>>> print(open('input-v1.csv').read())   # CSV, C-alpha atoms
chain,number,residue,atom,x,y,z
A,1111,MET,CA,0.0,0.0,0.0
A,1112,ALA,CA,2.9,2.4,0.8
A,1113,ASN,CA,4.5,1.7,-2.6
A,1114,GLU,CA,1.1,2.3,-4.3
A,1115,SER,CA,0.6,5.5,-2.4
A,1116,ARG,CA,4.1,6.6,-3.3
A,1117,MET,CA,3.5,5.8,-7.0
A,1118,THR,CA,0.3,7.8,-6.8
A,1119,ILE,CA,2.2,10.8,-5.5
A,1120,LEU,CA,4.9,10.4,-8.2
A,1121,GLU,CA,2.2,10.2,-10.8
A,1122,HIS,CA,0.7,13.4,-9.6
A,1123,LEU,CA,4.1,15.1,-9.6
A,1124,SER,CA,4.7,13.8,-13.1
A,1125,GLU,CA,1.3,15.1,-14.3
A,1126,LEU,CA,2.1,18.5,-12.6
A,1127,ARG,CA,5.4,18.7,-14.4
A,1128,ALA,CA,3.8,17.9,-17.7
A,1129,ARG,CA,1.1,20.5,-17.3
A,1130,LEU,CA,3.6,23.1,-16.2
A,1131,ILE,CA,5.8,22.4,-19.2
A,1132,ILE,CA,2.7,22.9,-21.5
A,1133,CYS,CA,2.0,26.2,-19.8
A,1134,VAL,CA,5.6,27.4,-20.0
A,1135,VAL,CA,5.9,26.4,-23.7
A,1136,THR,CA,2.6,28.0,-24.5
A,1137,LEU,CA,3.6,31.2,-22.7
A,1138,VAL,CA,7.0,31.3,-24.6
A,1139,LEU,CA,5.2,30.9,-27.9
A,1140,THR,CA,2.5,33.5,-27.2
A,1141,THR,CA,5.2,35.9,-25.9
A,1142,PHE,CA,7.2,35.4,-29.1
A,1143,ILE,CA,4.1,36.1,-31.2
A,1144,SER,CA,3.3,39.2,-29.1
A,1145,PHE,CA,6.6,40.8,-30.2
A,1146,ALA,CA,4.8,41.5,-33.5
A,1147,PHE,CA,2.5,44.1,-31.9
A,1148,THR,CA,4.5,45.0,-28.8
A,1149,ASP,CA,5.3,48.4,-30.2
A,1150,ARG,CA,1.6,49.4,-30.5
A,1151,ILE,CA,0.9,48.1,-27.0
A,1152,LEU,CA,3.8,50.0,-25.6
A,1153,ARG,CA,2.5,53.2,-27.1
A,1154,LEU,CA,-0.9,52.5,-25.6
A,1155,LEU,CA,0.6,52.0,-22.1
A,1156,ILE,CA,2.6,55.2,-22.4
A,1157,ALA,CA,-0.3,57.3,-23.6
A,1158,PRO,CA,-2.0,57.9,-20.2
A,1159,ALA,CA,1.2,59.5,-18.8
A,1160,GLY,CA,1.1,62.2,-21.4
A,1161,ILE,CA,4.9,62.5,-21.5
A,1162,LYS,CA,7.7,60.8,-23.5
A,1163,PRO,CA,9.7,58.6,-21.2
A,1164,ILE,CA,13.5,58.3,-21.5
A,1165,PHE,CA,15.8,55.2,-21.3
A,1166,LEU,CA,19.0,55.3,-19.3
A,1167,ARG,CA,20.7,52.0,-20.0
A,1168,PRO,CA,21.6,50.4,-23.4
A,1169,THR,CA,19.5,47.3,-22.7
A,1170,GLU,CA,16.5,49.1,-21.0
A,1171,MET,CA,14.4,49.3,-24.2
A,1172,PHE,CA,14.9,45.6,-25.0
A,1173,VAL,CA,13.9,44.6,-21.4
A,1174,THR,CA,10.9,46.9,-21.6
A,1175,TYR,CA,9.8,45.4,-24.9
A,1176,PHE,CA,10.1,41.9,-23.4
A,1177,ARG,CA,8.1,42.8,-20.3
A,1178,VAL,CA,5.2,44.1,-22.4
A,1179,ALA,CA,5.4,41.1,-24.8
A,1180,LEU,CA,5.3,38.8,-21.7
A,1181,LEU,CA,2.1,40.5,-20.4
A,1182,ALA,CA,0.5,40.2,-23.9
A,1183,GLY,CA,1.7,36.6,-24.1
A,1184,MET,CA,0.0,35.9,-20.7
A,1185,VAL,CA,-3.3,37.2,-22.0
A,1186,LEU,CA,-3.0,35.0,-25.2
A,1187,ALA,CA,-1.9,31.9,-23.2
A,1188,MET,CA,-4.6,32.3,-20.5
A,1189,PRO,CA,-7.1,29.8,-22.0
A,1190,VAL,CA,-4.4,27.1,-22.1
A,1191,ILE,CA,-3.1,27.9,-18.6
A,1192,VAL,CA,-6.7,27.9,-17.1
A,1193,TYR,CA,-7.4,24.5,-18.8
A,1194,GLN,CA,-4.2,22.9,-17.5
A,1195,VAL,CA,-4.8,24.2,-13.9
A,1196,LEU,CA,-8.4,23.0,-13.9
A,1197,ARG,CA,-7.6,19.6,-15.3
A,1198,PHE,CA,-4.9,19.1,-12.6
A,1199,THR,CA,-7.0,20.4,-9.7
A,1200,LEU,CA,-10.3,18.7,-10.8
A,1201,PRO,CA,-9.2,15.3,-12.3
A,1202,ALA,CA,-12.3,13.4,-11.3
A,1203,LEU,CA,-15.0,15.4,-12.9
A,1204,LYS,CA,-18.3,13.7,-13.6
A,1205,PRO,CA,-19.5,13.9,-17.2
A,1206,ASN,CA,-22.1,16.5,-16.3
A,1207,GLU,CA,-19.4,18.6,-14.6
A,1208,ARG,CA,-17.0,18.8,-17.5
A,1209,ARG,CA,-18.9,21.7,-18.9
A,1210,TYR,CA,-17.6,23.8,-16.0
A,1211,VAL,CA,-14.0,23.5,-17.4
A,1212,PHE,CA,-15.0,24.5,-20.9
A,1213,LEU,CA,-17.1,27.4,-19.5
A,1214,ALA,CA,-14.2,28.5,-17.2
A,1215,ILE,CA,-11.7,28.8,-20.0
A,1216,PRO,CA,-13.3,31.7,-22.0
A,1217,THR,CA,-14.7,33.2,-18.8
A,1218,ALA,CA,-11.3,33.4,-17.0
A,1219,SER,CA,-9.7,34.9,-20.1
A,1220,VAL,CA,-12.5,37.5,-20.4
A,1221,PHE,CA,-12.3,38.4,-16.7
A,1222,PHE,CA,-8.5,38.7,-16.9
A,1223,VAL,CA,-8.8,41.1,-19.9
A,1224,ILE,CA,-11.5,43.1,-18.2
A,1225,GLY,CA,-9.3,43.5,-15.2
A,1226,ILE,CA,-6.4,44.8,-17.4
A,1227,LEU,CA,-8.8,47.2,-19.3
A,1228,PHE,CA,-10.1,48.5,-15.9
A,1229,ALA,CA,-6.6,49.3,-14.8
A,1230,GLN,CA,-5.6,50.7,-18.1
A,1231,PHE,CA,-8.5,53.1,-18.7
A,1232,ILE,CA,-9.8,53.8,-15.2
A,1233,LEU,CA,-7.2,53.2,-12.5
A,1234,LEU,CA,-4.0,54.2,-14.3
A,1235,PRO,CA,-5.1,57.7,-15.6
A,1236,PHE,CA,-6.1,58.8,-12.1
A,1237,ALA,CA,-2.9,57.3,-10.6
A,1238,LEU,CA,-0.6,58.9,-13.1
A,1239,ARG,CA,-2.3,62.2,-12.9
A,1240,TYR,CA,-1.7,62.2,-9.2
A,1241,LEU,CA,1.9,61.1,-9.5
A,1242,LEU,CA,2.7,63.7,-12.2
A,1243,THR,CA,1.4,66.6,-10.2
A,1244,PHE,CA,2.7,65.6,-6.8
A,1245,GLY,CA,5.8,67.7,-6.2
A,1246,GLY,CA,5.6,69.2,-9.7
A,1247,ASP,CA,6.5,72.6,-8.4
A,1248,ILE,CA,9.8,71.3,-7.1
A,1249,ALA,CA,11.0,68.9,-9.8
A,1250,GLU,CA,10.1,68.0,-13.4
A,1251,ALA,CA,8.8,64.5,-14.1
A,1252,ARG,CA,11.2,62.7,-16.4
A,1253,TRP,CA,10.4,59.0,-16.0
A,1254,ALA,CA,12.6,56.1,-17.2
A,1255,ILE,CA,10.7,53.9,-19.5
A,1256,GLY,CA,11.9,50.7,-17.8
A,1257,GLU,CA,10.6,51.8,-14.4
A,1258,TYR,CA,7.4,53.2,-15.8
A,1259,VAL,CA,6.5,50.0,-17.8
A,1260,SER,CA,7.5,47.8,-14.8
A,1261,PHE,CA,5.1,49.9,-12.7
A,1262,VAL,CA,2.3,49.8,-15.3
A,1263,THR,CA,2.5,46.1,-16.2
A,1264,THR,CA,2.6,45.1,-12.6
A,1265,LEU,CA,-0.6,47.1,-11.9
A,1266,LEU,CA,-2.3,45.6,-15.0
A,1267,PHE,CA,-1.3,42.1,-14.2
A,1268,TRP,CA,-2.6,42.1,-10.6
A,1269,SER,CA,-5.7,43.9,-11.7
A,1270,GLY,CA,-6.4,41.0,-14.1
A,1271,VAL,CA,-5.7,38.5,-11.4
A,1272,ILE,CA,-8.1,40.2,-9.0
A,1273,PHE,CA,-10.9,39.9,-11.6
A,1274,GLU,CA,-10.5,36.1,-11.5
A,1275,THR,CA,-11.8,36.1,-7.9
A,1276,PRO,CA,-15.4,34.9,-8.8
A,1277,LEU,CA,-14.1,31.9,-10.6
A,1278,LEU,CA,-11.6,31.1,-7.9
A,1279,LEU,CA,-14.3,31.1,-5.2
A,1280,PHE,CA,-16.5,29.0,-7.4
A,1281,PHE,CA,-13.9,26.3,-7.8
A,1282,LEU,CA,-12.8,26.5,-4.2
A,1283,THR,CA,-16.4,25.7,-3.4
A,1284,LYS,CA,-16.5,23.0,-6.0
A,1285,LEU,CA,-13.5,21.4,-4.3
A,1286,GLY,CA,-15.1,21.6,-0.9
A,1287,VAL,CA,-12.4,24.0,0.5
A,1288,VAL,CA,-15.0,26.6,1.3
A,1289,SER,CA,-18.8,26.8,1.2
A,1290,THR,CA,-21.3,29.5,0.3
A,1291,ALA,CA,-22.3,29.8,4.0
A,1292,PHE,CA,-18.6,30.3,5.0
A,1293,LEU,CA,-18.1,33.0,2.3
A,1294,SER,CA,-21.3,34.8,3.4
A,1295,GLU,CA,-20.5,34.7,7.1
A,1296,ASN,CA,-16.9,36.0,6.5
A,1297,ARG,CA,-17.8,39.1,4.4
A,1298,LYS,CA,-16.3,41.4,7.0
A,1299,TYR,CA,-13.0,39.6,6.7
A,1300,ALA,CA,-13.2,39.8,3.0
A,1301,LEU,CA,-13.9,43.5,3.2
A,1302,LEU,CA,-10.8,43.9,5.4
A,1303,ALA,CA,-8.7,41.8,3.0
A,1304,SER,CA,-9.9,43.9,0.1
A,1305,ALA,CA,-8.9,47.1,1.9
A,1306,VAL,CA,-5.4,45.7,2.6
A,1307,LEU,CA,-5.0,44.4,-1.0
A,1308,ALA,CA,-6.2,47.7,-2.4
A,1309,ALA,CA,-3.6,49.6,-0.3
A,1310,ILE,CA,-0.9,47.3,-1.5
A,1311,ILE,CA,-1.9,47.4,-5.2
A,1312,THR,CA,-2.8,51.0,-5.4
A,1313,PRO,CA,0.2,53.0,-6.7
A,1314,THR,CA,-0.8,56.2,-4.9
A,1315,PRO,CA,-1.6,56.9,-1.2
A,1316,ASP,CA,-4.8,58.9,-1.8
A,1317,PRO,CA,-8.1,57.3,-0.7
A,1318,PHE,CA,-9.9,57.8,-4.0
A,1319,ASN,CA,-7.5,55.6,-6.0
A,1320,MET,CA,-7.6,53.1,-3.2
A,1321,LEU,CA,-11.4,53.0,-3.5
A,1322,LEU,CA,-11.1,52.4,-7.3
A,1323,VAL,CA,-9.4,49.1,-6.5
A,1324,MET,CA,-11.3,48.2,-3.3
A,1325,VAL,CA,-14.8,48.5,-4.8
A,1326,PRO,CA,-14.1,46.1,-7.7
A,1327,LEU,CA,-12.5,43.7,-5.2
A,1328,CYS,CA,-15.6,43.7,-3.1
A,1329,LEU,CA,-17.8,43.3,-6.2
A,1330,MET,CA,-15.7,40.4,-7.4
A,1331,TYR,CA,-16.1,38.8,-4.0
A,1332,GLU,CA,-19.8,39.2,-4.0
A,1333,ALA,CA,-19.9,37.7,-7.5
A,1334,GLY,CA,-17.9,34.8,-6.3
A,1335,VAL,CA,-20.4,34.2,-3.4
A,1336,LEU,CA,-23.2,34.2,-6.0
A,1337,LEU,CA,-21.4,31.8,-8.3
A,1338,SER,CA,-20.5,29.5,-5.4
A,1339,ARG,CA,-24.3,28.7,-5.0
A,1340,PHE,CA,-24.1,26.8,-8.3
A,1341,ALA,CA,-21.0,24.8,-7.4
>>> encode(input="input-v1.csv", output="structure tokens")
Amino acid sequence: MANESRMTILEHLSELRARLIICVVTLVLTTFISFAFTDRILRLLIAPAGIKPIFLRPTEMFVTYFRVALLAGMVLAMPVIVYQVLRFTLPALKPNERRYVFLAIPTASVFFVIGILFAQFILLPFALRYLLTFGGDIAEARWAIGEYVSFVTTLLFWSGVIFETPLLLFFLTKLGVVSTAFLSENRKYALLASAVLAAIITPTPDPFNMLLVMVPLCLMYEAGVLLSRFA
């Protein structure tokens, strides 16, 4: 029985490795494809700042292009990544439950993109306006493109992840890790966690920008509670 159990663990580890390899290879391919339109994405990311960034190191522009291509590659690879994660975490699905996997793939991708668009067109303009004007009477804003794109892509990525909360709660309920009753009873802790996460993610210290992150977090949690009723 010990050998059988050990083989089972090894088989799970082997499956995990195989699925991780598929995810990594897919991400590499989609990142490579994304280089074809990285220039246009980069111009879109710079637009909200309203200034022309500078680069200070010989390799800074290349690293910046790669960072943007990686984010675009993540968006393109999202369906494959979601599928691999779900097939690993939910291996024993009943025939009538397999539809959840195929529904989750486009839904997760759409939610991730919505989160990125929310950050790009709502959160980022307000944040950059605050950062550009803060201390503007003392020093002129001349941002290095590497630091700027690192800041922006980090914000976009985590905003996309936050918008996956409803699906995450649905599948945690499906796995029996939490229940709808548990999620409903712990709303106050979810509210506190949303405030903490908003404070960490928000690039500026003003409460308005913090609310721009916190409100969607709370709405995503409530959407997750609602979805969990169907798990």
>>> closest_residue(input="input-v1.csv", among="A:Arg1209, A:Arg1197, A:Arg1297, A:Arg1129", to="Gly1334 of chain A", atoms="only C-alpha atoms")
A:Arg1297
>>> closest_residue(input="input-v1.csv", among="A:Leu1152, A:Val1325, A:Leu1242, A:Ile1272", to="Ala1305 of chain A", atoms="only C-alpha atoms")
A:Val1325
>>> residues_around(input="input-v1.csv", residues="segment 1160-1164 of chain A", least_positions_apart="2", cutoff="12 Å", atoms="all atoms listed in the file", output="MDAnalysis selection string")
chainID A and resid 1152:1158 1166:1168 1170:1171 1174 1234:1235 1238:1239 1241:1242 1250:1259
>>> closest_residue(input="input-v1.csv", among="A:Gly1225, A:Ser1304, A:Leu1181, A:Phe1244", to="Thr1148 of chain A", atoms="all atoms listed in the file")
A:Leu1181
>>> atom_distance(input="input-v1.csv", atom1="atom CA of Ala1249 of chain A", atom2="atom CA of Phe1231 of chain A")
26.6 Å
>>> decode(input="input-v1.csv", residues="segment 1177-1189 of chain A", atoms="N, CA and C atoms", output="PDB file, in the first residue's frame")
ATOM      1  N   ARG A1177       9.104  42.775 -21.398  1.00  0.00           N
ATOM      2  CA  ARG A1177       8.118  42.798 -20.310  1.00  0.00           C
ATOM      3  C   ARG A1177       6.708  42.982 -20.871  1.00  0.00           C
ATOM      4  N   VAL A1178       6.554  43.878 -21.832  1.00  0.00           N
ATOM      5  CA  VAL A1178       5.245  44.123 -22.444  1.00  0.00           C
ATOM      6  C   VAL A1178       4.791  42.902 -23.244  1.00  0.00           C
ATOM      7  N   ALA A1179       5.722  42.300 -23.995  1.00  0.00           N
ATOM      8  CA  ALA A1179       5.388  41.100 -24.766  1.00  0.00           C
ATOM      9  C   ALA A1179       4.978  39.956 -23.846  1.00  0.00           C
ATOM     10  N   LEU A1180       5.619  39.873 -22.681  1.00  0.00           N
ATOM     11  CA  LEU A1180       5.284  38.814 -21.717  1.00  0.00           C
ATOM     12  C   LEU A1180       3.867  38.987 -21.184  1.00  0.00           C
ATOM     13  N   LEU A1181       3.483  40.233 -20.889  1.00  0.00           N
ATOM     14  CA  LEU A1181       2.120  40.484 -20.415  1.00  0.00           C
ATOM     15  C   LEU A1181       1.108  40.135 -21.502  1.00  0.00           C
ATOM     16  N   ALA A1182       1.389  40.547 -22.752  1.00  0.00           N
ATOM     17  CA  ALA A1182       0.492  40.212 -23.869  1.00  0.00           C
ATOM     18  C   ALA A1182       0.449  38.701 -24.087  1.00  0.00           C
ATOM     19  N   GLY A1183       1.609  38.059 -23.943  1.00  0.00           N
ATOM     20  CA  GLY A1183       1.665  36.606 -24.074  1.00  0.00           C
ATOM     21  C   GLY A1183       0.845  35.907 -23.007  1.00  0.00           C
ATOM     22  N   MET A1184       0.848  36.476 -21.797  1.00  0.00           N
ATOM     23  CA  MET A1184       0.041  35.908 -20.710  1.00  0.00           C
ATOM     24  C   MET A1184      -1.440  35.957 -21.044  1.00  0.00           C
ATOM     25  N   VAL A1185      -1.871  37.053 -21.645  1.00  0.00           N
ATOM     26  CA  VAL A1185      -3.281  37.180 -22.046  1.00  0.00           C
ATOM     27  C   VAL A1185      -3.632  36.128 -23.099  1.00  0.00           C
ATOM     28  N   LEU A1186      -2.761  35.974 -24.094  1.00  0.00           N
ATOM     29  CA  LEU A1186      -3.023  35.005 -25.166  1.00  0.00           C
ATOM     30  C   LEU A1186      -2.963  33.565 -24.648  1.00  0.00           C
ATOM     31  N   ALA A1187      -2.088  33.310 -23.678  1.00  0.00           N
ATOM     32  CA  ALA A1187      -1.921  31.946 -23.168  1.00  0.00           C
ATOM     33  C   ALA A1187      -2.930  31.586 -22.084  1.00  0.00           C
ATOM     34  N   MET A1188      -3.719  32.571 -21.628  1.00  0.00           N
ATOM     35  CA  MET A1188      -4.623  32.346 -20.506  1.00  0.00           C
ATOM     36  C   MET A1188      -5.553  31.137 -20.702  1.00  0.00           C
ATOM     37  N   PRO A1189      -6.182  30.939 -21.883  1.00  0.00           N
ATOM     38  CA  PRO A1189      -7.053  29.759 -22.030  1.00  0.00           C
ATOM     39  C   PRO A1189      -6.331  28.439 -21.769  1.00  0.00           C
TER      40      PRO A1189
END
